[in-house]
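> Below is the file target_26.cif, which contains mmCIF, C-alpha atoms, pLDDT in the B column; chains and numbers go by the auth columns.
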```cif
data_protein
loop_
_atom_site.group_PDB
_atom_site.id
_atom_site.type_symbol
_atom_site.label_atom_id
_atom_site.label_comp_id
_atom_site.label_asym_id
_atom_site.label_seq_id
_atom_site.Cartn_x
_atom_site.Cartn_y
_atom_site.Cartn_z
_atom_site.B_iso_or_equiv
_atom_site.auth_seq_id
_atom_site.auth_asym_id
ATOM 1 C CA MET A 1 -14.306 -30.043 -63.392 95.00 26 T
ATOM 2 C CA TYR A 2 -14.199 -28.796 -59.812 97.00 27 T
ATOM 3 C CA LEU A 3 -11.128 -27.130 -58.304 97.00 28 T
ATOM 4 C CA ILE A 4 -10.130 -26.275 -54.738 98.00 29 T
ATOM 5 C CA PHE A 5 -7.623 -23.432 -54.455 97.00 30 T
ATOM 6 C CA LYS A 6 -6.449 -20.674 -52.129 96.00 31 T
ATOM 7 C CA ARG A 7 -8.480 -17.516 -52.654 96.00 32 T
ATOM 8 C CA VAL A 8 -6.852 -15.034 -55.040 94.00 33 T
ATOM 9 C CA ASP A 9 -7.794 -11.811 -56.779 92.00 34 T
ATOM 10 C CA GLN A 10 -10.597 -12.216 -59.315 88.00 35 T
ATOM 11 C CA ARG A 11 -8.230 -11.123 -62.076 89.00 36 T
ATOM 12 C CA ASN A 12 -6.206 -14.286 -61.487 92.00 37 T
ATOM 13 C CA ILE A 13 -9.277 -16.503 -61.618 94.00 38 T
ATOM 14 C CA GLY A 14 -10.548 -15.438 -65.009 91.00 39 T
ATOM 15 C CA PRO A 15 -13.700 -17.164 -66.264 95.00 40 T
ATOM 16 C CA ILE A 16 -13.612 -19.912 -63.637 96.00 41 T
ATOM 17 C CA GLN A 17 -16.967 -19.894 -61.852 96.00 42 T
ATOM 18 C CA ILE A 18 -16.782 -19.719 -58.054 96.00 43 T
ATOM 19 C CA VAL A 19 -19.431 -22.085 -56.705 95.00 44 T
ATOM 20 C CA GLY A 20 -18.361 -22.296 -53.079 95.00 45 T
ATOM 21 C CA ARG A 21 -16.133 -20.874 -50.369 95.00 46 T
ATOM 22 C CA ALA A 22 -14.532 -22.634 -47.420 96.00 47 T
ATOM 23 C CA LEU A 23 -12.328 -20.659 -45.044 95.00 48 T
ATOM 24 C CA GLU A 24 -9.603 -19.049 -47.221 96.00 49 T
ATOM 25 C CA TYR A 25 -10.264 -21.353 -50.166 97.00 50 T
ATOM 26 C CA ASP A 26 -12.565 -21.179 -53.173 97.00 51 T
ATOM 27 C CA ILE A 27 -14.257 -23.965 -55.072 97.00 52 T
ATOM 28 C CA GLY A 28 -14.221 -23.299 -58.774 97.00 53 T
ATOM 29 C CA TYR A 29 -16.051 -24.922 -61.656 97.00 54 T
ATOM 30 C CA ILE A 30 -14.935 -25.297 -65.269 97.00 55 T
ATOM 31 C CA PRO A 31 -17.372 -26.855 -67.750 96.00 56 T
ATOM 32 C CA THR A 32 -16.171 -30.000 -69.478 94.00 57 T
ATOM 33 C CA THR A 33 -16.216 -28.137 -72.790 95.00 58 T
ATOM 34 C CA HIS A 34 -13.671 -25.636 -71.474 96.00 59 T
ATOM 35 C CA GLU A 35 -11.298 -27.833 -69.458 93.00 60 T
ATOM 36 C CA ASP A 36 -8.608 -27.555 -72.150 93.00 61 T
ATOM 37 C CA ILE A 37 -9.211 -23.864 -72.737 95.00 62 T
ATOM 38 C CA ILE A 38 -9.368 -22.134 -69.344 96.00 63 T
ATOM 39 C CA PRO A 39 -5.954 -22.061 -67.603 94.00 64 T
ATOM 40 C CA PHE A 40 -5.803 -23.019 -63.930 95.00 65 T
ATOM 41 C CA ALA A 41 -2.304 -24.447 -63.324 94.00 66 T
ATOM 42 C CA HIS A 42 -1.238 -21.124 -61.777 95.00 67 T
ATOM 43 C CA LEU A 43 -3.787 -21.618 -58.986 96.00 68 T
ATOM 44 C CA ASN A 44 -2.077 -24.715 -57.567 95.00 69 T
ATOM 45 C CA ALA A 45 -5.552 -26.201 -57.437 96.00 70 T
ATOM 46 C CA THR A 46 -6.643 -29.678 -56.414 97.00 71 T
ATOM 47 C CA VAL A 47 -9.008 -31.236 -58.938 97.00 72 T
ATOM 48 C CA VAL A 48 -11.878 -33.152 -57.342 97.00 73 T
ATOM 49 C CA SER A 49 -14.971 -34.968 -58.545 96.00 74 T
ATOM 50 C CA ASP A 50 -18.285 -33.188 -58.978 95.00 75 T
ATOM 51 C CA VAL A 51 -19.644 -34.851 -55.844 96.00 76 T
ATOM 52 C CA ILE A 52 -16.738 -33.752 -53.659 97.00 77 T
ATOM 53 C CA GLY A 53 -16.577 -30.321 -55.260 96.00 78 T
ATOM 54 C CA ASN A 54 -20.166 -29.725 -54.208 95.00 79 T
ATOM 55 C CA ALA A 55 -19.624 -31.042 -50.672 97.00 80 T
ATOM 56 C CA TRP A 56 -17.968 -27.877 -49.292 96.00 81 T
ATOM 57 C CA VAL A 57 -21.366 -26.817 -48.014 96.00 82 T
ATOM 58 C CA PHE A 58 -21.339 -29.624 -45.423 97.00 83 T
ATOM 59 C CA MET A 59 -18.161 -28.586 -43.594 95.00 84 T
ATOM 60 C CA GLN A 60 -20.366 -26.999 -40.931 94.00 85 T
ATOM 61 C CA ALA A 61 -22.689 -30.009 -40.674 96.00 86 T
ATOM 62 C CA TRP A 62 -20.987 -31.438 -37.585 96.00 87 T
ATOM 63 C CA SER A 63 -24.417 -31.876 -35.968 96.00 88 T
ATOM 64 C CA GLY A 64 -25.932 -33.337 -39.118 96.00 89 T
ATOM 65 C CA GLN A 65 -27.597 -30.040 -39.987 95.00 90 T
ATOM 66 C CA ILE A 66 -26.593 -26.728 -41.514 94.00 91 T
ATOM 67 C CA SER A 67 -28.266 -23.339 -41.570 92.00 92 T
ATOM 68 C CA VAL A 68 -28.809 -22.102 -45.129 93.00 93 T
ATOM 69 C CA ARG A 69 -29.361 -18.421 -45.837 89.00 94 T
ATOM 70 C CA GLY A 70 -31.446 -17.416 -48.832 87.00 95 T
ATOM 71 C CA GLY A 71 -29.449 -15.900 -51.677 84.00 96 T
ATOM 72 C CA SER A 72 -26.179 -17.449 -50.476 89.00 97 T
ATOM 73 C CA LEU A 73 -23.811 -19.807 -52.292 91.00 98 T
ATOM 74 C CA GLN A 74 -25.091 -22.495 -49.922 90.00 99 T
ATOM 75 C CA ASP A 75 -28.619 -21.972 -51.151 89.00 100 T
ATOM 76 C CA ASP A 76 -27.422 -21.884 -54.755 89.00 101 T
ATOM 77 C CA ARG A 77 -26.042 -25.340 -54.061 90.00 102 T
ATOM 78 C CA LEU A 78 -28.987 -26.772 -52.071 91.00 103 T
ATOM 79 C CA ASN A 79 -31.923 -24.648 -53.269 89.00 104 T
ATOM 80 C CA VAL A 80 -33.902 -25.019 -50.043 87.00 105 T
ATOM 81 C CA VAL A 81 -34.987 -21.436 -49.346 87.00 106 T
ATOM 82 C CA SER A 82 -38.205 -20.529 -51.136 81.00 107 T
ATOM 83 C CA SER A 83 -38.127 -17.456 -53.364 74.00 108 T
ATOM 84 C CA SER A 84 -41.179 -16.240 -51.470 73.00 109 T
ATOM 85 C CA GLU A 85 -39.203 -16.020 -48.220 71.00 110 T
ATOM 86 C CA GLU A 86 -37.927 -12.702 -46.897 74.00 111 T
ATOM 87 C CA PRO A 87 -34.355 -11.847 -48.006 72.00 112 T
ATOM 88 C CA GLY A 88 -31.793 -13.330 -45.619 75.00 113 T
ATOM 89 C CA THR A 89 -34.157 -15.994 -44.310 85.00 114 T
ATOM 90 C CA LYS A 90 -32.369 -19.019 -42.865 89.00 115 T
ATOM 91 C CA VAL A 91 -33.575 -22.585 -43.229 91.00 116 T
ATOM 92 C CA LYS A 92 -32.269 -25.658 -41.432 93.00 117 T
ATOM 93 C CA TYR A 93 -31.155 -28.425 -43.776 95.00 118 T
ATOM 94 C CA THR A 94 -30.567 -31.987 -42.620 96.00 119 T
ATOM 95 C CA ALA A 95 -27.757 -33.675 -44.523 96.00 120 T
ATOM 96 C CA THR A 96 -27.973 -37.260 -45.675 97.00 121 T
ATOM 97 C CA ALA A 97 -25.393 -39.851 -44.666 97.00 122 T
ATOM 98 C CA GLU A 98 -23.908 -39.655 -48.163 97.00 123 T
ATOM 99 C CA GLU A 99 -23.667 -35.866 -48.011 97.00 124 T
ATOM 100 C CA LEU A 100 -21.936 -36.037 -44.633 98.00 125 T
ATOM 101 C CA ALA A 101 -19.471 -38.599 -45.988 98.00 126 T
ATOM 102 C CA ASN A 102 -18.708 -36.362 -48.967 98.00 127 T
ATOM 103 C CA GLY A 103 -18.369 -33.362 -46.655 98.00 128 T
ATOM 104 C CA LEU A 104 -15.867 -35.306 -44.576 98.00 129 T
ATOM 105 C CA THR A 105 -13.822 -36.131 -47.687 98.00 130 T
ATOM 106 C CA PHE A 106 -13.865 -32.488 -48.752 98.00 131 T
ATOM 107 C CA PHE A 107 -12.809 -31.355 -45.274 98.00 132 T
ATOM 108 C CA LYS A 108 -9.849 -33.748 -45.285 98.00 133 T
ATOM 109 C CA ILE A 109 -8.712 -32.483 -48.680 98.00 134 T
ATOM 110 C CA LEU A 110 -8.949 -28.899 -47.465 98.00 135 T
ATOM 111 C CA MET A 111 -6.900 -29.620 -44.347 98.00 136 T
ATOM 112 C CA GLY A 112 -4.351 -31.399 -46.512 98.00 137 T
ATOM 113 C CA LYS A 113 -3.989 -28.292 -48.667 98.00 138 T
ATOM 114 C CA MET A 114 -3.579 -26.119 -45.574 97.00 139 T
ATOM 115 C CA LEU A 115 -0.899 -28.448 -44.251 98.00 140 T
ATOM 116 C CA ASP A 116 0.908 -28.498 -47.602 97.00 141 T
ATOM 117 C CA GLU A 117 1.004 -24.718 -47.672 96.00 142 T
ATOM 118 C CA ILE A 118 2.544 -24.502 -44.206 96.00 143 T
ATOM 119 C CA TYR A 119 5.193 -27.129 -44.817 96.00 144 T
ATOM 120 C CA ASP A 120 6.015 -25.945 -48.329 94.00 145 T
ATOM 121 C CA SER A 121 6.747 -22.557 -46.767 94.00 146 T
ATOM 122 C CA ARG A 122 8.958 -24.127 -44.118 93.00 147 T
ATOM 123 C CA PHE A 123 10.761 -26.207 -46.720 92.00 148 T
ATOM 124 C CA ALA A 124 11.400 -23.107 -48.835 88.00 149 T
ATOM 125 C CA LYS A 125 13.184 -21.533 -45.869 87.00 150 T
ATOM 126 C CA THR A 126 15.691 -24.412 -45.777 85.00 151 T
ATOM 127 C CA ARG A 127 16.881 -23.685 -49.308 77.00 152 T
ATOM 128 C CA VAL A 128 20.032 -21.737 -50.041 70.00 153 T
ATOM 129 C CA THR A 129 20.455 -19.035 -52.661 71.00 154 T
ATOM 130 C CA ASN A 130 19.776 -19.899 -56.295 72.00 155 T
ATOM 131 C CA LEU A 131 23.478 -19.626 -57.121 74.00 156 T
ATOM 132 C CA GLU A 132 24.557 -22.085 -54.457 77.00 157 T
ATOM 133 C CA SER A 133 21.554 -24.296 -55.103 78.00 158 T
ATOM 134 C CA ALA A 134 22.715 -24.707 -58.718 82.00 159 T
ATOM 135 C CA THR A 135 25.839 -26.547 -57.515 88.00 160 T
ATOM 136 C CA TRP A 136 24.359 -28.321 -54.495 89.00 161 T
ATOM 137 C CA THR A 137 23.767 -31.615 -56.289 90.00 162 T
ATOM 138 C CA SER A 138 27.339 -31.607 -57.611 94.00 163 T
ATOM 139 C CA GLN A 139 28.742 -30.725 -54.181 93.00 164 T
ATOM 140 C CA ARG A 140 26.764 -33.503 -52.588 94.00 165 T
ATOM 141 C CA GLU A 141 27.741 -36.137 -55.174 95.00 166 T
ATOM 142 C CA GLU A 142 31.403 -35.153 -55.136 96.00 167 T
ATOM 143 C CA THR A 143 31.504 -35.166 -51.343 97.00 168 T
ATOM 144 C CA MET A 144 30.060 -38.648 -51.046 97.00 169 T
ATOM 145 C CA ALA A 145 32.291 -39.944 -53.833 97.00 170 T
ATOM 146 C CA TYR A 146 35.426 -38.425 -52.258 96.00 171 T
ATOM 147 C CA ARG A 147 34.589 -39.852 -48.850 96.00 172 T
ATOM 148 C CA ALA A 148 34.329 -43.283 -50.440 97.00 173 T
ATOM 149 C CA ASP A 149 37.469 -42.823 -52.551 96.00 174 T
ATOM 150 C CA ASN A 150 39.763 -39.811 -52.121 94.00 175 T
ATOM 151 C CA SER A 151 40.964 -40.187 -55.697 95.00 176 T
ATOM 152 C CA ALA A 152 37.484 -39.356 -57.027 96.00 177 T
ATOM 153 C CA ALA A 153 37.184 -36.290 -59.234 96.00 178 T
ATOM 154 C CA THR A 154 36.005 -33.147 -57.404 97.00 179 T
ATOM 155 C CA PRO A 155 35.934 -30.319 -59.956 96.00 180 T
ATOM 156 C CA VAL A 156 33.384 -28.180 -58.098 96.00 181 T
ATOM 157 C CA LEU A 157 34.673 -28.791 -54.584 96.00 182 T
ATOM 158 C CA SER A 158 38.247 -28.199 -55.644 96.00 183 T
ATOM 159 C CA GLN A 159 37.370 -24.789 -57.089 95.00 184 T
ATOM 160 C CA LEU A 160 35.396 -23.850 -53.992 95.00 185 T
ATOM 161 C CA ALA A 161 38.231 -24.959 -51.704 96.00 186 T
ATOM 162 C CA THR A 162 40.754 -22.910 -53.674 96.00 187 T
ATOM 163 C CA ALA A 163 38.477 -19.861 -53.586 95.00 188 T
ATOM 164 C CA ARG A 164 38.172 -20.139 -49.789 95.00 189 T
ATOM 165 C CA GLY A 165 41.845 -20.844 -49.272 97.00 190 T
ATOM 166 C CA ILE A 166 41.223 -24.190 -47.555 97.00 191 T
ATOM 167 C CA THR A 167 42.199 -27.759 -48.329 96.00 192 T
ATOM 168 C CA LEU A 168 39.981 -30.099 -50.288 97.00 193 T
ATOM 169 C CA ASP A 169 39.607 -32.345 -47.239 96.00 194 T
ATOM 170 C CA THR A 170 38.349 -29.404 -45.183 97.00 195 T
ATOM 171 C CA MET A 171 35.928 -28.450 -47.924 96.00 196 T
ATOM 172 C CA VAL A 172 34.596 -31.991 -48.067 97.00 197 T
ATOM 173 C CA ASP A 173 34.116 -32.027 -44.290 97.00 198 T
ATOM 174 C CA LEU A 174 32.208 -28.726 -44.425 95.00 199 T
ATOM 175 C CA VAL A 175 29.892 -29.940 -47.154 95.00 200 T
ATOM 176 C CA TYR A 176 29.357 -33.298 -45.454 96.00 201 T
ATOM 177 C CA THR A 177 28.331 -31.517 -42.247 96.00 202 T
ATOM 178 C CA ALA A 178 25.941 -29.344 -44.250 92.00 203 T
ATOM 179 C CA ILE A 179 24.479 -32.452 -45.904 92.00 204 T
ATOM 180 C CA GLN A 180 23.828 -34.088 -42.534 95.00 205 T
ATOM 181 C CA GLN A 181 22.227 -30.942 -41.120 93.00 206 T
ATOM 182 C CA TYR A 182 20.047 -30.472 -44.197 91.00 207 T
ATOM 183 C CA ASP A 183 18.917 -34.093 -44.302 93.00 208 T
ATOM 184 C CA ASN A 184 18.098 -34.011 -40.595 95.00 209 T
ATOM 185 C CA THR A 185 16.039 -30.828 -40.991 94.00 210 T
ATOM 186 C CA ILE A 186 14.105 -32.284 -43.930 94.00 211 T
ATOM 187 C CA ALA A 187 13.513 -35.553 -42.073 96.00 212 T
ATOM 188 C CA GLN A 188 12.117 -33.662 -39.072 96.00 213 T
ATOM 189 C CA LEU A 189 9.805 -31.621 -41.302 96.00 214 T
ATOM 190 C CA LEU A 190 8.568 -34.696 -43.133 97.00 215 T
ATOM 191 C CA ALA A 191 8.012 -36.675 -39.937 97.00 216 T
ATOM 192 C CA ALA A 192 6.051 -33.835 -38.345 97.00 217 T
ATOM 193 C CA LYS A 193 3.917 -33.376 -41.438 98.00 218 T
ATOM 194 C CA GLN A 194 3.212 -37.085 -41.824 98.00 219 T
ATOM 195 C CA ALA A 195 2.102 -37.328 -38.192 97.00 220 T
ATOM 196 C CA ILE A 196 -0.560 -34.674 -38.799 98.00 221 T
ATOM 197 C CA GLU A 197 -1.507 -36.248 -42.125 98.00 222 T
ATOM 198 C CA GLY A 198 -2.158 -39.442 -40.188 98.00 223 T
ATOM 199 C CA GLU A 199 -4.492 -37.578 -37.826 98.00 224 T
ATOM 200 C CA ILE A 200 -6.367 -36.079 -40.771 98.00 225 T
ATOM 201 C CA LYS A 201 -6.683 -39.446 -42.484 98.00 226 T
ATOM 202 C CA SER A 202 -8.074 -41.052 -39.319 98.00 227 T
ATOM 203 C CA CYS A 203 -10.960 -38.570 -38.996 98.00 228 T
ATOM 204 C CA GLN A 204 -14.260 -40.437 -39.026 98.00 229 T
ATOM 205 C CA THR A 205 -16.636 -37.497 -38.713 97.00 230 T
ATOM 206 C CA ILE A 206 -16.826 -33.803 -39.538 98.00 231 T
ATOM 207 C CA SER A 207 -16.589 -33.149 -35.788 97.00 232 T
ATOM 208 C CA ASP A 208 -13.224 -34.943 -35.780 98.00 233 T
ATOM 209 C CA CYS A 209 -12.028 -32.541 -38.472 98.00 234 T
ATOM 210 C CA TRP A 210 -13.071 -29.536 -36.418 98.00 235 T
ATOM 211 C CA VAL A 211 -11.130 -30.880 -33.447 97.00 236 T
ATOM 212 C CA ILE A 212 -7.982 -30.939 -35.596 98.00 237 T
ATOM 213 C CA MET A 213 -8.714 -27.459 -36.901 98.00 238 T
ATOM 214 C CA HIS A 214 -9.026 -26.273 -33.300 97.00 239 T
ATOM 215 C CA ASN A 215 -5.981 -28.077 -31.914 97.00 240 T
ATOM 216 C CA ARG A 216 -3.667 -27.834 -34.898 97.00 241 T
ATOM 217 C CA PHE A 217 -4.621 -24.940 -37.185 97.00 242 T
ATOM 218 C CA GLU A 218 -5.722 -22.335 -34.628 96.00 243 T
ATOM 219 C CA LEU A 219 -9.245 -22.135 -36.040 96.00 244 T
ATOM 220 C CA HIS A 220 -11.996 -22.256 -33.432 94.00 245 T
ATOM 221 C CA MET A 221 -14.477 -25.053 -33.760 94.00 246 T
ATOM 222 C CA PRO A 222 -18.131 -23.930 -33.548 94.00 247 T
ATOM 223 C CA MET A 223 -19.017 -22.982 -29.980 95.00 248 T
ATOM 224 C CA PRO A 224 -21.904 -25.490 -29.693 95.00 249 T
ATOM 225 C CA LEU A 225 -19.478 -28.233 -30.717 96.00 250 T
ATOM 226 C CA MET A 226 -16.957 -27.080 -28.102 95.00 251 T
ATOM 227 C CA ILE A 227 -19.680 -27.272 -25.454 95.00 252 T
ATOM 228 C CA SER A 228 -20.881 -30.695 -26.574 94.00 253 T
ATOM 229 C CA LEU A 229 -17.304 -32.060 -26.491 94.00 254 T
ATOM 230 C CA GLY A 230 -16.442 -30.373 -23.239 95.00 255 T
ATOM 231 C CA VAL A 231 -13.591 -28.427 -24.839 94.00 256 T
ATOM 232 C CA THR A 232 -12.483 -25.434 -22.788 94.00 257 T
ATOM 233 C CA ASP A 233 -9.052 -24.673 -24.238 94.00 258 T
ATOM 234 C CA GLY A 234 -8.727 -22.069 -26.938 94.00 259 T
ATOM 235 C CA SER A 235 -7.587 -22.940 -30.430 96.00 260 T
ATOM 236 C CA ARG A 236 -3.858 -23.124 -31.084 95.00 261 T
ATOM 237 C CA LEU A 237 -1.363 -23.493 -33.873 95.00 262 T
ATOM 238 C CA ASN A 238 0.478 -26.778 -33.453 96.00 263 T
ATOM 239 C CA VAL A 239 1.779 -27.917 -36.813 95.00 264 T
#
```
I need this file expressed as structure tokens, please.

Amino acid sequence: MYLIFKRVDQRNIGPIQIVGRALEYDIGYIPTTHEDIIPFAHLNATVVSDVIGNAWVFMQAWSGQISVRGGSLQDDRLNVVSSSEEPGTKVKYTATAEELANGLTFFKILMGKMLDEIYDSRFAKTRVTNLESATWTSQREETMAYRADNSAATPVLSQLATARGITLDTMVDLVYTAIQQYDNTIAQLLAAKQAIEGEIKSCQTISDCWVIMHNRFELHMPMPLMISLGVTDGSRLNV
């Protein structure tokens, strides 16, 4: 089993073997014999196939080649640097079409995880306190029911209105306004996220992924790629 997760302290990883690294994420491996024994739910990991889990190494293969340093995790994966070479020796490796396709799939998954993290954080900021959140569903249901029929029961809203010293109708109006504002905020977040998800899904090459990283996630694409594409603008955060 291969896992992709945000890098954490080794103490939180336990016996999971780290077989690759990509930006701020690690690729972990759990043997089939230990899948039901080693905990990993706390890592919020994405489980991928063996082929995709091993494709992290091709994220940099936008030109079809990657530079592999002896003794690195890349070389552990590809085993292309001879043991007789000097320590730190780099070897150029040409990826196959299948490896590039798998690298593209891995890259898309990674960008998806980055996007999820950003929008989960933004969504968390829209939430109210735990105490108020506990009654939000009831407030919402009672408000909609009362607006449809003012004889509907409103046990929660009635208590809140009394506590504030306002009428039930005023309380209903306040909650209804809050519902509209909340729903509009969530809709805007979802629409913005889905637009970027569409861009990620449409990537046809690893170079396409790097363009999104550069234009959306404020991570510079490799300089040779910038030159080849004629890109002169710096990277920016636009998510």
> Out of T:Gly95, T:Pro40, T:Gly259, T:Gly78, which residue has the shortest atom-to-atom distance to Val236 of chain T when counting only C-alpha atoms?
T:Gly259
> Considering all atoms listed in the file, state which residue in the set T:Leu185, T:Phe132, T:Tyr118, T:Asp258 is at the smallest distance from Asn104 of chain T.
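For Asn104 of chain T, the nearest of the given residues is T:Tyr118.
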> Can you work out which one of T:Asp100, T:Asp208, T:Asp141, T:Asp233 has the shortest atom-to-atom distance to Leu250 of chain T, counting all atoms listed in the file?
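Of T:Asp100, T:Asp208, T:Asp141, T:Asp233, the one nearest Leu250 of chain T, counting all atoms listed in the file, is T:Asp233.
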> Could you write out as a list in words the residues that the PyMOL selection byres ((chain T and resi 127) around 9) matches in the shown file?
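Selection result, ordered by chain and number: Val76, Ile77, Gly78, Asn79, Ala80, Trp81, Phe83, Ala122, Glu123, Glu124, Leu125, Ala126, Gly128, Leu129, Thr130, Phe131 and Phe132 of chain T.
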> When you count all atoms listed in the file, which of these residues is closest to Arg36 of chain T: T:Asp75, T:Gln205, T:Leu68, T:Thr179?
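Among the listed residues, T:Leu68 lies closest to Arg36 of chain T.
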> I would like the residues chosen by the PyMOL selection byres ((chain T and resi 217-231) around 7) on the shown file; could you give them as a ChimeraX atom specification?
/T:84,87,129,133,213-216,232-235
> Which residues, written as a list in words, have at least one atom at most 12 Å from Pro249 of chain T, with all atoms listed in the file counted and residues fewer than 2 positions away on the same chain left out?
Gln85, Ala86, Trp87, Ser88, Ser232, Trp235, His245, Met246, Pro247, Met251, Ile252, Ser253, Leu254, Gly255, Val256 and Thr257 of chain T
> Please save C-alpha atoms of the selected residues as a PDB file, in the coordinates of the input.

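As a result, result03.pdb now contains:
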```pdb
ATOM      1  CA  GLN T  85     -20.366 -26.999 -40.931  1.00 94.00           C
ATOM      2  CA  ALA T  86     -22.689 -30.009 -40.674  1.00 96.00           C
ATOM      3  CA  TRP T  87     -20.987 -31.438 -37.585  1.00 96.00           C
ATOM      4  CA  SER T  88     -24.417 -31.876 -35.968  1.00 96.00           C
ATOM      5  CA  SER T 232     -16.589 -33.149 -35.788  1.00 97.00           C
ATOM      6  CA  TRP T 235     -13.071 -29.536 -36.418  1.00 98.00           C
ATOM      7  CA  HIS T 245     -11.996 -22.256 -33.432  1.00 94.00           C
ATOM      8  CA  MET T 246     -14.477 -25.053 -33.760  1.00 94.00           C
ATOM      9  CA  PRO T 247     -18.131 -23.930 -33.548  1.00 94.00           C
ATOM     10  CA  MET T 251     -16.957 -27.080 -28.102  1.00 95.00           C
ATOM     11  CA  ILE T 252     -19.680 -27.272 -25.454  1.00 95.00           C
ATOM     12  CA  SER T 253     -20.881 -30.695 -26.574  1.00 94.00           C
ATOM     13  CA  LEU T 254     -17.304 -32.060 -26.491  1.00 94.00           C
ATOM     14  CA  GLY T 255     -16.442 -30.373 -23.239  1.00 95.00           C
ATOM     15  CA  VAL T 256     -13.591 -28.427 -24.839  1.00 94.00           C
ATOM     16  CA  THR T 257     -12.483 -25.434 -22.788  1.00 94.00           C
TER      17      THR T 257
END
```
> I want to know what sits within 8 Å of Asn263 of chain T, based on only C-alpha atoms, with residues of the same chain fewer than 2 positions away left out; could you give that as a ChimeraX atom specification?
/T:240-243,261
> Grab the residues selected above and save them as a PDB file, keeping the file's coordinate frame with C-alpha atoms.

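This is the output file result_23.pdb:
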```pdb
ATOM      1  CA  ASN T 240      -5.981 -28.077 -31.914  1.00 97.00           C
ATOM      2  CA  ARG T 241      -3.667 -27.834 -34.898  1.00 97.00           C
ATOM      3  CA  PHE T 242      -4.621 -24.940 -37.185  1.00 97.00           C
ATOM      4  CA  GLU T 243      -5.722 -22.335 -34.628  1.00 96.00           C
ATOM      5  CA  ARG T 261      -3.858 -23.124 -31.084  1.00 95.00           C
TER       6      ARG T 261
END
```
> Write segment 34-49 of chain T as an mmCIF file, in the frame of the given file, completed to N, CA and C atoms.

```cif
data_model
loop_
_atom_site.group_PDB
_atom_site.id
_atom_site.type_symbol
_atom_site.label_atom_id
_atom_site.label_comp_id
_atom_site.auth_asym_id
_atom_site.auth_seq_id
_atom_site.Cartn_x
_atom_site.Cartn_y
_atom_site.Cartn_z
ATOM 1 N N ASP T 34 -7.086 -12.905 -56.134
ATOM 2 C CA ASP T 34 -7.794 -11.811 -56.779
ATOM 3 C C ASP T 34 -8.566 -12.329 -57.992
ATOM 4 N N GLN T 35 -9.742 -11.783 -58.214
ATOM 5 C CA GLN T 35 -10.597 -12.216 -59.315
ATOM 6 C C GLN T 35 -9.875 -12.169 -60.652
ATOM 7 N N ARG T 36 -8.959 -11.232 -60.816
ATOM 8 C CA ARG T 36 -8.230 -11.123 -62.076
ATOM 9 C C ARG T 36 -7.390 -12.355 -62.367
ATOM 10 N N ASN T 37 -7.003 -13.070 -61.310
ATOM 11 C CA ASN T 37 -6.206 -14.286 -61.487
ATOM 12 C C ASN T 37 -7.061 -15.531 -61.667
ATOM 13 N N ILE T 38 -8.364 -15.366 -61.473
ATOM 14 C CA ILE T 38 -9.277 -16.503 -61.618
ATOM 15 C C ILE T 38 -9.813 -16.599 -63.030
ATOM 16 N N GLY T 39 -10.019 -15.440 -63.650
ATOM 17 C CA GLY T 39 -10.548 -15.438 -65.009
ATOM 18 C C GLY T 39 -11.978 -15.932 -65.063
ATOM 19 N N PRO T 40 -12.310 -16.722 -66.082
ATOM 20 C CA PRO T 40 -13.700 -17.164 -66.264
ATOM 21 C C PRO T 40 -14.121 -18.349 -65.404
ATOM 22 N N ILE T 41 -13.241 -18.800 -64.516
ATOM 23 C CA ILE T 41 -13.612 -19.912 -63.637
ATOM 24 C C ILE T 41 -14.750 -19.463 -62.728
ATOM 25 N N GLN T 42 -15.808 -20.250 -62.669
ATOM 26 C CA GLN T 42 -16.967 -19.894 -61.852
ATOM 27 C C GLN T 42 -16.745 -20.325 -60.405
ATOM 28 N N ILE T 43 -16.905 -19.389 -59.476
ATOM 29 C CA ILE T 43 -16.782 -19.719 -58.054
ATOM 30 C C ILE T 43 -18.138 -20.219 -57.562
ATOM 31 N N VAL T 44 -18.172 -21.477 -57.146
ATOM 32 C CA VAL T 44 -19.431 -22.085 -56.705
ATOM 33 C C VAL T 44 -19.481 -22.317 -55.203
ATOM 34 N N GLY T 45 -18.374 -22.091 -54.524
ATOM 35 C CA GLY T 45 -18.361 -22.296 -53.079
ATOM 36 C C GLY T 45 -17.156 -21.654 -52.438
ATOM 37 N N ARG T 46 -17.243 -21.437 -51.132
ATOM 38 C CA ARG T 46 -16.133 -20.874 -50.369
ATOM 39 C C ARG T 46 -16.023 -21.623 -49.049
ATOM 40 N N ALA T 47 -14.791 -21.933 -48.673
ATOM 41 C CA ALA T 47 -14.532 -22.634 -47.420
ATOM 42 C C ALA T 47 -13.270 -22.051 -46.808
ATOM 43 N N LEU T 48 -13.436 -21.333 -45.698
ATOM 44 C CA LEU T 48 -12.328 -20.659 -45.044
ATOM 45 C C LEU T 48 -11.637 -19.743 -46.052
ATOM 46 N N GLU T 49 -10.327 -19.918 -46.298
ATOM 47 C CA GLU T 49 -9.603 -19.049 -47.221
ATOM 48 C C GLU T 49 -9.496 -19.661 -48.617
#
```
